[in-house]
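K.L.:
Here you go, this is upload-v6.cif (mmCIF, C-alpha atoms).
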data_run
loop_
_atom_site.label_atom_id
_atom_site.label_comp_id
_atom_site.auth_asym_id
_atom_site.auth_seq_id
_atom_site.Cartn_x
_atom_site.Cartn_y
_atom_site.Cartn_z
CA MET B 31 98.94 60.01 146.84
CA THR B 32 96.83 61.93 144.32
CA GLN B 33 97.74 65.14 142.50
CA VAL B 34 95.55 67.08 144.90
CA ASP B 35 97.26 65.46 147.90
CA VAL B 36 100.68 66.31 146.51
CA ARG B 37 99.72 69.92 145.91
CA GLN B 38 98.28 70.20 149.40
CA ARG B 39 101.45 68.76 150.89
CA ILE B 40 103.63 71.18 148.89
CA LEU B 41 101.54 74.12 150.10
CA ALA B 42 101.55 72.84 153.70
CA ASP B 43 105.33 72.44 153.60
CA ASN B 44 105.62 75.95 152.20
CA ALA B 45 103.34 77.37 154.88
CA ALA B 46 105.52 75.81 157.59
CA ALA B 47 108.71 77.16 155.98
CA ALA B 48 107.08 80.60 155.61
CA ALA B 49 106.12 80.64 159.30
CA ALA B 50 109.70 79.86 160.30
CA LEU B 51 110.99 82.52 157.94
CA ARG B 52 108.56 85.09 159.33
CA GLY B 53 110.01 84.33 162.75
CA ARG B 54 113.50 85.13 161.48
CA PHE B 55 112.30 88.37 159.87
CA ASP B 56 110.51 89.30 163.10
CA GLY B 57 113.71 88.67 165.03
CA SER B 58 115.67 91.09 162.87
CA ARG B 59 112.71 93.51 162.62
CA THR B 60 113.16 93.65 158.87
CA LEU B 61 110.21 94.90 156.82
CA VAL B 62 109.82 92.28 154.09
CA MET B 63 108.02 92.73 150.76
CA ASN B 64 107.14 90.10 148.17
CA LEU B 65 106.96 91.88 144.80
CA ILE B 66 105.00 90.10 142.08
CA SER B 67 104.03 90.98 138.52
CA SER B 68 103.91 89.79 134.92
CA PRO B 69 107.22 89.57 133.09
CA GLY B 70 108.29 93.03 131.96
CA SER B 71 106.07 95.14 134.19
CA GLY B 72 109.08 96.95 135.60
CA LYS B 73 109.80 95.17 138.91
CA THR B 74 113.58 95.53 138.76
CA THR B 75 113.56 99.22 137.85
CA PHE B 76 110.94 99.89 140.51
CA ILE B 77 113.11 98.17 143.14
CA ARG B 78 116.21 100.07 142.05
CA GLU B 79 114.38 103.39 142.39
CA SER B 80 112.89 102.34 145.74
CA VAL B 81 116.33 101.42 147.11
CA ARG B 82 117.70 104.75 145.92
CA ARG B 83 115.01 106.62 147.86
CA LEU B 84 115.23 104.50 151.03
CA GLU B 85 119.01 104.66 151.45
CA PRO B 86 120.72 105.61 153.69
CA GLU B 87 117.80 106.04 156.09
CA LEU B 88 116.63 102.45 155.66
CA LYS B 89 119.26 99.92 154.66
CA THR B 90 117.65 97.69 152.02
CA GLY B 91 118.54 94.25 150.70
CA VAL B 92 117.10 92.39 147.72
CA ILE B 93 116.49 88.73 146.86
CA VAL B 94 115.82 88.21 143.14
CA GLY B 95 114.13 85.17 141.62
CA ASP B 96 114.52 84.28 137.95
CA LEU B 97 114.25 81.10 135.88
CA ALA B 98 117.61 81.94 134.29
CA THR B 99 120.18 84.77 134.01
CA ASP B 100 121.42 87.12 136.72
CA ASN B 101 120.59 90.23 134.64
CA ASP B 102 118.29 91.67 137.30
CA ALA B 103 120.70 90.95 140.15
CA ARG B 104 123.50 92.71 138.27
CA ARG B 105 121.30 95.72 137.57
CA LEU B 106 120.27 95.90 141.21
CA ARG B 107 123.82 95.63 142.58
CA GLU B 108 124.54 98.94 140.84
CA SER B 109 122.30 100.52 143.50
CA GLY B 110 124.82 99.45 146.16
CA ALA B 111 122.29 97.21 147.91
CA PRO B 112 123.21 93.64 148.88
CA VAL B 113 121.54 91.37 146.33
CA VAL B 114 121.13 87.57 146.38
CA GLN B 115 120.09 85.76 143.21
CA VAL B 116 117.83 82.68 143.26
CA THR B 117 117.81 80.79 139.97
CA THR B 118 114.69 78.64 139.84
CA GLY B 119 115.35 76.74 136.58
CA THR B 120 111.88 75.73 135.44
CA VAL B 121 110.07 76.58 138.69
CA CYS B 122 107.54 79.32 138.04
CA HIS B 123 107.52 80.95 141.49
CA LEU B 124 109.64 81.42 144.61
CA GLU B 125 109.00 79.19 147.64
CA ALA B 126 109.70 80.01 151.27
CA GLU B 127 112.48 77.44 151.50
CA MET B 128 114.35 79.07 148.54
CA VAL B 129 114.02 82.48 150.20
CA GLY B 130 115.20 81.05 153.51
CA ARG B 131 118.39 79.74 151.92
CA ALA B 132 118.98 83.01 150.09
CA ALA B 133 118.43 85.01 153.29
CA GLN B 134 121.30 83.14 154.95
CA GLN B 135 123.59 85.09 152.65
CA LEU B 136 122.30 88.40 154.01
CA ASP B 137 122.93 90.06 157.38
CA LEU B 138 119.24 90.47 158.24
CA HIS B 139 119.99 92.34 161.46
CA GLY B 140 121.69 95.00 159.38
CA LEU B 141 118.70 95.35 157.04
CA SER B 142 115.67 97.55 157.71
CA VAL B 143 113.95 96.48 154.52
CA LEU B 144 114.13 93.34 152.37
CA ILE B 145 112.53 93.32 148.93
CA ILE B 146 111.93 89.93 147.30
CA GLU B 147 111.51 90.13 143.52
CA ASN B 148 109.46 87.08 142.59
CA VAL B 149 109.56 85.26 139.23
CA GLY B 150 107.59 87.17 136.58
CA ASN B 151 104.21 85.44 136.75
CA LEU B 152 100.75 86.69 137.79
CA VAL B 153 99.40 83.22 138.60
CA CYS B 154 101.53 80.73 140.50
CA PRO B 155 103.31 82.99 143.05
CA ALA B 156 99.88 83.82 144.55
CA SER B 157 99.83 80.46 146.34
CA TYR B 158 103.23 80.73 148.05
CA ASP B 159 103.65 82.71 151.25
CA LEU B 160 107.29 83.84 151.57
CA GLY B 161 106.99 85.10 155.14
CA GLU B 162 106.50 88.64 153.87
CA ASP B 163 104.84 91.55 155.70
CA LEU B 164 103.53 93.07 152.49
CA ARG B 165 102.55 91.47 149.23
CA ILE B 166 103.03 94.01 146.46
CA VAL B 167 101.45 93.42 143.04
CA LEU B 168 102.81 95.58 140.27
CA LEU B 169 100.83 96.26 137.10
CA SER B 170 102.02 98.38 134.21
CA VAL B 171 99.68 100.65 132.28
CA THR B 172 100.68 98.82 129.08
CA GLU B 173 99.02 95.59 130.26
CA GLY B 174 95.41 96.71 129.99
CA GLU B 175 92.83 97.70 132.55
CA ASP B 176 91.18 94.32 133.09
CA LYS B 177 94.14 92.39 134.54
CA PRO B 178 92.79 92.47 138.14
CA LEU B 179 89.60 90.75 136.96
CA LYS B 180 91.53 88.11 135.02
CA TYR B 181 94.03 87.18 137.77
CA PRO B 182 91.82 87.12 140.90
CA PRO B 183 94.00 85.08 143.31
CA MET B 184 96.93 87.44 142.87
CA PHE B 185 94.99 90.66 143.22
CA GLN B 186 92.84 89.39 146.09
CA SER B 187 95.98 88.66 148.10
CA ALA B 188 97.64 92.05 147.47
CA ASP B 189 98.39 94.45 150.32
CA VAL B 190 99.64 97.04 147.86
CA VAL B 191 99.05 97.53 144.13
CA ILE B 192 101.68 99.54 142.26
CA VAL B 193 100.57 100.90 138.88
CA SER B 194 103.85 101.31 136.96
CA LYS B 195 104.98 103.10 133.80
CA ILE B 196 102.32 105.81 134.08
CA ASP B 197 104.55 107.94 131.82
CA LEU B 198 103.31 105.63 129.01
CA ALA B 199 99.61 106.10 129.88
CA ALA B 200 98.80 108.47 127.02
CA ALA B 201 100.82 106.51 124.43
CA CYS B 202 98.92 103.32 125.15
CA GLY B 203 95.47 104.82 125.70
CA TYR B 204 95.30 103.77 129.34
CA ASP B 205 91.82 104.17 130.88
CA ARG B 206 92.73 105.22 134.41
CA ALA B 207 89.20 105.24 135.83
CA ALA B 208 88.48 101.72 134.56
CA ALA B 209 91.81 100.38 135.84
CA LEU B 210 91.37 101.86 139.32
CA ALA B 211 87.79 100.58 139.53
CA ASN B 212 88.98 97.06 138.68
CA ILE B 213 91.81 97.26 141.23
CA ARG B 214 89.36 98.47 143.91
CA ARG B 215 86.98 95.64 143.11
CA MET B 216 89.57 92.83 143.29
CA SER B 217 91.96 94.31 145.87
CA PRO B 218 89.61 96.26 148.17
CA ARG B 219 92.04 96.34 151.09
CA ALA B 220 95.13 97.28 149.07
CA ARG B 221 96.89 100.64 149.06
CA VAL B 222 97.36 101.83 145.49
CA PHE B 223 100.31 103.87 144.17
CA GLU B 224 100.53 105.19 140.63
CA THR B 225 104.19 105.50 139.69
CA SER B 226 106.77 106.07 137.01
CA ALA B 227 110.34 104.97 137.63
CA LYS B 228 111.31 107.10 134.64
CA THR B 229 109.89 110.44 135.83
CA GLY B 230 109.85 109.65 139.56
CA GLU B 231 106.13 110.35 139.82
CA GLY B 232 104.50 108.69 142.83
CA LEU B 233 107.75 107.44 144.33
CA ASP B 234 107.89 109.97 147.18
CA ALA B 235 104.45 108.85 148.37
CA TRP B 236 105.63 105.25 148.14
CA ARG B 237 108.73 106.08 150.20
CA GLU B 238 106.60 107.79 152.88
CA PHE B 239 104.37 104.74 153.07
CA LEU B 240 107.39 102.45 153.60
CA LEU B 241 108.83 104.68 156.32
CA VAL B 242 105.54 104.43 158.22
CA GLN B 243 105.33 100.67 157.65
CA ARG B 244 108.84 100.20 158.92
CA GLN B 245 108.08 102.33 161.98
CA ALA B 246 104.96 100.28 162.69
CA ARG B 247 107.00 97.10 162.39
CA ARG B 248 109.61 98.28 164.90
CA SER B 249 106.97 99.46 167.36
CA LEU B 250 105.46 95.99 167.51
CA ASP B 251 108.55 94.98 169.46
CA PRO B 252 108.99 96.73 172.82
CA LEU B 253 112.74 96.12 172.72
CA SER B 254 113.32 97.99 169.49
CA MET I 198 104.34 58.63 144.59
CA THR I 199 106.72 61.58 144.87
CA GLN I 200 106.19 65.10 143.59
CA VAL I 201 108.45 64.35 140.64
CA ASP I 202 106.50 61.18 139.84
CA VAL I 203 103.21 63.10 139.93
CA ARG I 204 104.56 65.82 137.64
CA GLN I 205 105.87 63.20 135.22
CA ARG I 206 102.51 61.45 135.20
CA ILE I 207 100.68 64.72 134.56
CA LEU I 208 102.97 65.52 131.64
CA ALA I 209 102.70 61.96 130.26
CA ASP I 210 98.90 62.13 130.47
CA ASN I 211 99.00 65.48 128.70
CA ALA I 212 101.29 64.14 125.97
CA ALA I 213 98.85 61.29 125.32
CA ALA I 214 95.89 63.67 125.18
CA ALA I 215 97.85 66.01 122.88
CA ALA I 216 98.66 63.14 120.51
CA ALA I 217 94.98 62.23 120.27
CA LEU I 218 94.06 65.86 119.74
CA ARG I 219 96.67 66.23 117.00
CA GLY I 220 95.01 63.29 115.29
CA ARG I 221 91.67 65.08 115.36
CA PHE I 222 93.24 68.28 113.98
CA ASP I 223 94.99 66.25 111.26
CA GLY I 224 91.65 64.70 110.35
CA SER I 225 90.02 68.06 109.80
CA ARG I 226 93.22 69.53 108.27
CA THR I 227 92.93 72.52 110.58
CA LEU I 228 96.07 74.60 111.11
CA VAL I 229 96.33 74.95 114.89
CA MET I 230 98.31 77.59 116.78
CA ASN I 231 99.03 77.79 120.51
CA LEU I 232 99.53 81.47 121.35
CA ILE I 233 101.41 82.20 124.56
CA SER I 234 102.62 85.39 126.24
CA SER I 235 102.78 87.33 129.48
CA PRO I 236 99.55 88.91 130.69
CA GLY I 237 98.86 92.09 128.77
CA SER I 238 101.17 91.55 125.79
CA GLY I 239 98.28 91.92 123.38
CA LYS I 240 97.25 88.32 122.54
CA THR I 241 93.55 89.03 122.20
CA THR I 242 93.94 92.10 119.99
CA PHE I 243 96.51 90.26 117.87
CA ILE I 244 94.08 87.37 117.37
CA ARG I 245 91.22 89.71 116.51
CA GLU I 246 93.34 91.42 113.84
CA SER I 247 94.58 88.06 112.53
CA VAL I 248 91.02 86.75 112.18
CA ARG I 249 90.01 89.93 110.37
CA ARG I 250 92.80 89.39 107.82
CA LEU I 251 92.24 85.64 107.37
CA GLU I 252 88.48 85.78 106.79
CA PRO I 253 86.77 84.85 104.55
CA GLU I 254 89.63 83.04 102.79
CA LEU I 255 90.45 80.94 105.84
CA LYS I 256 87.63 80.33 108.30
CA THR I 257 89.15 80.74 111.77
CA GLY I 258 87.99 79.62 115.21
CA VAL I 259 89.36 80.55 118.62
CA ILE I 260 89.67 78.79 121.98
CA VAL I 261 90.44 81.22 124.81
CA GLY I 262 91.87 80.24 128.20
CA ASP I 263 91.57 82.50 131.23
CA LEU I 264 91.62 82.01 134.99
CA ALA I 265 88.44 84.08 135.23
CA THR I 266 86.15 86.35 133.17
CA ASP I 267 85.03 85.92 129.57
CA ASN I 268 86.22 89.42 128.58
CA ASP I 269 88.55 88.10 125.88
CA ALA I 270 85.96 85.69 124.47
CA ARG I 271 83.42 88.51 124.22
CA ARG I 272 85.93 90.77 122.48
CA LEU I 273 86.81 88.03 120.02
CA ARG I 274 83.21 87.17 119.21
CA GLU I 275 82.86 90.68 117.78
CA SER I 276 85.13 89.47 114.94
CA GLY I 277 82.41 86.99 113.95
CA ALA I 278 84.67 83.98 114.60
CA PRO I 279 83.36 81.04 116.63
CA VAL I 280 84.91 81.36 120.09
CA VAL I 281 84.95 78.85 122.95
CA GLN I 282 85.94 79.98 126.44
CA VAL I 283 87.90 77.74 128.85
CA THR I 284 87.87 79.03 132.42
CA THR I 285 90.77 77.45 134.29
CA GLY I 286 90.07 78.76 137.81
CA THR I 287 93.48 78.65 139.48
CA VAL I 288 95.22 76.56 136.80
CA CYS I 289 98.04 78.59 135.25
CA HIS I 290 98.06 77.00 131.78
CA LEU I 291 95.85 75.14 129.31
CA GLU I 292 96.15 71.34 129.06
CA ALA I 293 95.37 69.18 126.04
CA GLU I 294 92.36 67.63 127.73
CA MET I 295 90.80 71.08 128.31
CA VAL I 296 91.37 71.99 124.67
CA GLY I 297 89.94 68.67 123.54
CA ARG I 298 86.70 69.32 125.43
CA ALA I 299 86.50 72.89 124.11
CA ALA I 300 87.12 71.70 120.54
CA GLN I 301 84.01 69.51 120.75
CA GLN I 302 81.99 72.72 120.66
CA LEU I 303 83.56 73.69 117.31
CA ASP I 304 82.94 72.27 113.85
CA LEU I 305 86.61 71.51 113.14
CA HIS I 306 85.91 70.35 109.58
CA GLY I 307 84.56 73.81 108.86
CA LEU I 308 87.67 75.53 110.25
CA SER I 309 90.86 76.15 108.27
CA VAL I 310 92.61 77.70 111.23
CA LEU I 311 92.22 77.35 115.01
CA ILE I 312 93.95 79.79 117.34
CA ILE I 313 94.29 78.78 120.99
CA GLU I 314 94.88 81.74 123.31
CA ASN I 315 96.67 80.30 126.32
CA VAL I 316 96.54 81.69 129.88
CA GLY I 317 98.79 84.76 130.25
CA ASN I 318 101.98 83.18 131.61
CA LEU I 319 105.49 82.87 130.12
CA VAL I 320 106.48 79.89 132.28
CA CYS I 321 104.05 77.05 132.84
CA PRO I 322 102.38 76.74 129.41
CA ALA I 323 105.81 75.80 127.96
CA SER I 324 105.46 72.26 129.34
CA TYR I 325 102.03 71.48 127.89
CA ASP I 326 101.64 70.37 124.27
CA LEU I 327 98.14 71.20 123.05
CA GLY I 328 98.42 69.28 119.79
CA GLU I 329 99.29 72.46 117.94
CA ASP I 330 101.14 72.79 114.63
CA LEU I 331 102.73 76.08 115.62
CA ARG I 332 103.69 77.42 118.99
CA ILE I 333 103.57 81.21 118.85
CA VAL I 334 105.22 83.27 121.58
CA LEU I 335 104.17 86.89 121.67
CA LEU I 336 106.35 89.55 123.32
CA SER I 337 105.49 93.22 123.52
CA VAL I 338 108.13 95.94 123.16
CA THR I 339 107.09 97.28 126.56
CA GLU I 340 108.38 94.15 128.33
CA GLY I 341 112.09 94.73 127.81
CA GLU I 342 114.66 93.19 125.52
CA ASP I 343 115.94 90.43 127.81
CA LYS I 344 112.77 88.37 128.19
CA PRO I 345 113.95 85.57 125.86
CA LEU I 346 117.00 85.04 128.09
CA LYS I 347 114.93 85.00 131.26
CA TYR I 348 112.24 82.55 130.08
CA PRO I 349 114.28 79.92 128.18
CA PRO I 350 111.82 76.98 128.07
CA MET I 351 109.16 79.13 126.45
CA PHE I 352 111.37 80.75 123.84
CA GLN I 353 113.27 77.56 123.04
CA SER I 354 109.99 75.85 122.16
CA ALA I 355 108.69 78.68 119.93
CA ASP I 356 108.05 78.13 116.21
CA VAL I 357 107.16 81.79 115.78
CA VAL I 358 107.95 84.87 117.86
CA ILE I 359 105.61 87.83 117.43
CA VAL I 360 106.98 91.17 118.64
CA SER I 361 103.85 93.20 119.42
CA LYS I 362 103.02 96.86 120.08
CA ILE I 363 105.90 98.14 117.96
CA ASP I 364 103.99 101.44 117.69
CA LEU I 365 105.13 101.97 121.32
CA ALA I 366 108.82 101.27 120.57
CA ALA I 367 109.97 104.89 120.68
CA ALA I 368 107.88 105.78 123.73
CA CYS I 369 109.43 103.00 125.80
CA GLY I 370 113.00 103.23 124.47
CA TYR I 371 112.89 99.77 122.88
CA ASP I 372 116.32 98.54 121.74
CA ARG I 373 115.38 96.60 118.61
CA ALA I 374 118.84 95.19 117.83
CA ALA I 375 119.27 93.83 121.36
CA ALA I 376 115.77 92.32 121.39
CA LEU I 377 116.20 90.59 118.04
CA ALA I 378 119.64 89.26 119.04
CA ASN I 379 118.15 87.75 122.20
CA ILE I 380 115.25 86.21 120.28
CA ARG I 381 117.68 84.73 117.71
CA ARG I 382 119.82 83.30 120.50
CA MET I 383 116.98 81.59 122.38
CA SER I 384 114.63 80.81 119.47
CA PRO I 385 117.05 80.10 116.61
CA ARG I 386 114.52 78.16 114.54
CA ALA I 387 111.62 80.60 115.02
CA ARG I 388 110.19 82.93 112.39
CA VAL I 389 109.98 86.46 113.79
CA PHE I 390 107.30 89.04 112.96
CA GLU I 391 107.35 92.61 114.25
CA THR I 392 103.78 93.87 114.46
CA SER I 393 101.38 96.51 115.64
CA ALA I 394 97.71 95.65 115.92
CA LYS I 395 97.05 99.38 116.21
CA THR I 396 98.74 100.50 112.95
CA GLY I 397 98.55 97.17 111.13
CA GLU I 398 102.32 97.06 110.59
CA GLY I 399 103.65 93.57 109.98
CA LEU I 400 100.23 91.93 109.81
CA ASP I 401 100.23 91.41 106.04
CA ALA I 402 103.48 89.45 106.26
CA TRP I 403 101.98 87.42 109.10
CA ARG I 404 98.89 86.69 106.99
CA GLU I 405 101.05 85.56 104.03
CA PHE I 406 102.97 83.24 106.33
CA LEU I 407 99.74 81.65 107.60
CA LEU I 408 98.39 81.15 104.06
CA VAL I 409 101.57 79.23 103.17
CA GLN I 410 101.46 77.23 106.40
CA ARG I 411 97.85 76.31 105.79
CA GLN I 412 98.68 75.28 102.21
CA ALA I 413 101.55 73.10 103.46
CA ARG I 414 99.22 71.49 105.97
CA ARG I 415 96.62 70.59 103.35
CA SER I 416 99.24 69.24 100.95
CA LEU I 417 100.39 66.72 103.56
CA ASP I 418 97.16 64.89 102.90
CA PRO I 419 96.73 63.52 99.34
CA LEU I 420 92.93 63.58 99.73
CA SER I 421 92.73 67.28 100.35
#
Could you rewrite the structure in this file as structure tokens?

P.N.:
Amino acid sequence: MTQVDVRQRILADNAAAAAALRGRFDGSRTLVMNLISSPGSGKTTFIRESVRRLEPELKTGVIVGDLATDNDARRLRESGAPVVQVTTGTVCHLEAEMVGRAAQQLDLHGLSVLIIENVGNLVCPASYDLGEDLRIVLLSVTEGEDKPLKYPPMFQSADVVIVSKIDLAAACGYDRAAALANIRRMSPRARVFETSAKTGEGLDAWREFLLVQRQARRSLDPLS
Amino acid sequence: MTQVDVRQRILADNAAAAAALRGRFDGSRTLVMNLISSPGSGKTTFIRESVRRLEPELKTGVIVGDLATDNDARRLRESGAPVVQVTTGTVCHLEAEMVGRAAQQLDLHGLSVLIIENVGNLVCPASYDLGEDLRIVLLSVTEGEDKPLKYPPMFQSADVVIVSKIDLAAACGYDRAAALANIRRMSPRARVFETSAKTGEGLDAWREFLLVQRQARRSLDPLS
């Protein structure tokens, strides 16, 4: 078995596990997001502020992936949401099977929304479907405007692009027009939200979007 | 052959290629650095400012790895340094064999210093020796103080940690004491430099360090 064969088998196994997981999420009618970014783009703070705005209308759970430490899980538990930590060791991305095991520790039928915080990495997580409804790529204004061009697989697969830390835009000389043009070019089908977890800017629009997404998800099932 | 076997073979092949490459670098007495960080931490700007300070005393070349685009290579060529681009496609790290091929396009005997800009990723590049003398991990103040704890393999293997964008420290509420404590804990043997490519802070100390390192490298060889 060659390297290519092994990689194809890993991805095929993951696709099968993701399909099974999607079936479980469909059964509980939970809106599931896979949140991906570079290290330090602000995923955890963004999730905390999202949970704060969704509760109590939409009960939200979180699965957090990290190589090491439960720092993010502890920070997120302060929001009151149920949080499950996945420690990946040296594995640079979450896989569907890891998420499936973590989800067993959550009461999915009691959750309207599940946010999966992936390992901080703009490359490898692109290849692994986690059974999510929405793939959210988060990009902070401090990272530079050309990131979408430099990480095509991630941005091409995004359903939503969150521009974070816009309160720092002036301090770091962020070129908004260039950044948005690059996002549009690489993620033409993605919804884009410009946000600051510090000032709250953009988070109401994000909340409205999730309420509609959740409604659409429920209406797919005539029994709901 | 199992997945573990394949990974071990890949790493063994890389180690062999890195050993051969180190021999080539030893032959030309070039000081070689492998520069690793998250996407958007400021690697390219840091390299450009380093080259500017090293020339003409130390002739410096650059090998740049990216999934896609030659944006960084074009930016670096403006410094006048010879630059070779490696486009990795979907591969999330540089490997010694890729660097070896790129190095064939450089006149190593004419270079005192070679800087390798790895793919933006704090996880996967940790496993791949590129034949470097110094592994440099760069961390911007915008990424948060706990990154060393969350990406142990990378920080444990660092010879040098560069804290970048310190001009943004106040704007993003950077906790310097906490960050340095975490770096010390995970990278106890690393030299630490706090820098700003925008204001130039810390770059003279970095230059002095490289001059000494380069001198030490030459003095290893009685013919030099």

K.L.:
Nearest residue to Thr99 (chain B) out of B:Met63, B:Val116, B:Ala201, B:Ala111, using all atoms listed in the file?

P.N.:
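That would be B:Val116, the residue with the smallest distance to Thr99 (chain B).
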
K.L.:
When you look at region 183-191 of chain B with a cut-off of 8 Å (counting all atoms listed in the file), what residues show up, excluding the ones that are within fewer than 3 positions of it in the same chain? I need them as a CSV table (one decimal) with C-alpha atoms, in the coordinates of the input.

P.N.:
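Contents of out06.csv, freshly written:
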chain,number,residue,atom,x,y,z
B,152,LEU,CA,100.8,86.7,137.8
B,153,VAL,CA,99.4,83.2,138.6
B,155,PRO,CA,103.3,83.0,143.0
B,156,ALA,CA,99.9,83.8,144.6
B,164,LEU,CA,103.5,93.1,152.5
B,165,ARG,CA,102.6,91.5,149.2
B,166,ILE,CA,103.0,94.0,146.5
B,167,VAL,CA,101.4,93.4,143.0
B,168,LEU,CA,102.8,95.6,140.3
B,169,LEU,CA,100.8,96.3,137.1
B,178,PRO,CA,92.8,92.5,138.1
B,213,ILE,CA,91.8,97.3,141.2
B,216,MET,CA,89.6,92.8,143.3
B,217,SER,CA,92.0,94.3,145.9
B,218,PRO,CA,89.6,96.3,148.2
B,219,ARG,CA,92.0,96.3,151.1
B,220,ALA,CA,95.1,97.3,149.1
B,221,ARG,CA,96.9,100.6,149.1
B,222,VAL,CA,97.4,101.8,145.5
B,223,PHE,CA,100.3,103.9,144.2
I,287,THR,CA,93.5,78.6,139.5

K.L.:
Translate the PyMOL selection byres ((chain I and resi 371) around 12), as applied to the file shown, into an explicit residue set as a PyMOL selection string.

P.N.:
chain I and resi 337-343+360-370+372-377

K.L.:
Can you report as JSON the centre and edge lengths in Å, to one decimal, of an axis-aligned box around the listed atoms of region 74-89 of chain B padded with 5 Å on each side?

P.N.:
{"center_x": 115.8, "center_y": 101.1, "center_z": 147.0, "size_x": 19.8, "size_y": 21.1, "size_z": 28.2}

K.L.:
Return as a PDB file with C-alpha atoms, in the frame of the given file the set of residues that the PyMOL selection byres ((chain I and resi 330) around 10) yields on the displayed structure.

P.N.:
ATOM      1  CA  ARG I 219      96.670  66.230 117.000  1.00  0.00           C
ATOM      2  CA  PHE I 222      93.240  68.280 113.980  1.00  0.00           C
ATOM      3  CA  ASP I 223      94.990  66.250 111.260  1.00  0.00           C
ATOM      4  CA  THR I 227      92.930  72.520 110.580  1.00  0.00           C
ATOM      5  CA  LEU I 228      96.070  74.600 111.110  1.00  0.00           C
ATOM      6  CA  VAL I 229      96.330  74.950 114.890  1.00  0.00           C
ATOM      7  CA  MET I 230      98.310  77.590 116.780  1.00  0.00           C
ATOM      8  CA  ASN I 231      99.030  77.790 120.510  1.00  0.00           C
ATOM      9  CA  ASP I 326     101.640  70.370 124.270  1.00  0.00           C
ATOM     10  CA  LEU I 327      98.140  71.200 123.050  1.00  0.00           C
ATOM     11  CA  GLY I 328      98.420  69.280 119.790  1.00  0.00           C
ATOM     12  CA  GLU I 329      99.290  72.460 117.940  1.00  0.00           C
ATOM     13  CA  LEU I 331     102.730  76.080 115.620  1.00  0.00           C
ATOM     14  CA  ARG I 332     103.690  77.420 118.990  1.00  0.00           C
ATOM     15  CA  ILE I 333     103.570  81.210 118.850  1.00  0.00           C
ATOM     16  CA  ASP I 356     108.050  78.130 116.210  1.00  0.00           C
ATOM     17  CA  GLN I 410     101.460  77.230 106.400  1.00  0.00           C
ATOM     18  CA  ARG I 414      99.220  71.490 105.970  1.00  0.00           C
TER      19      ARG I 414
END
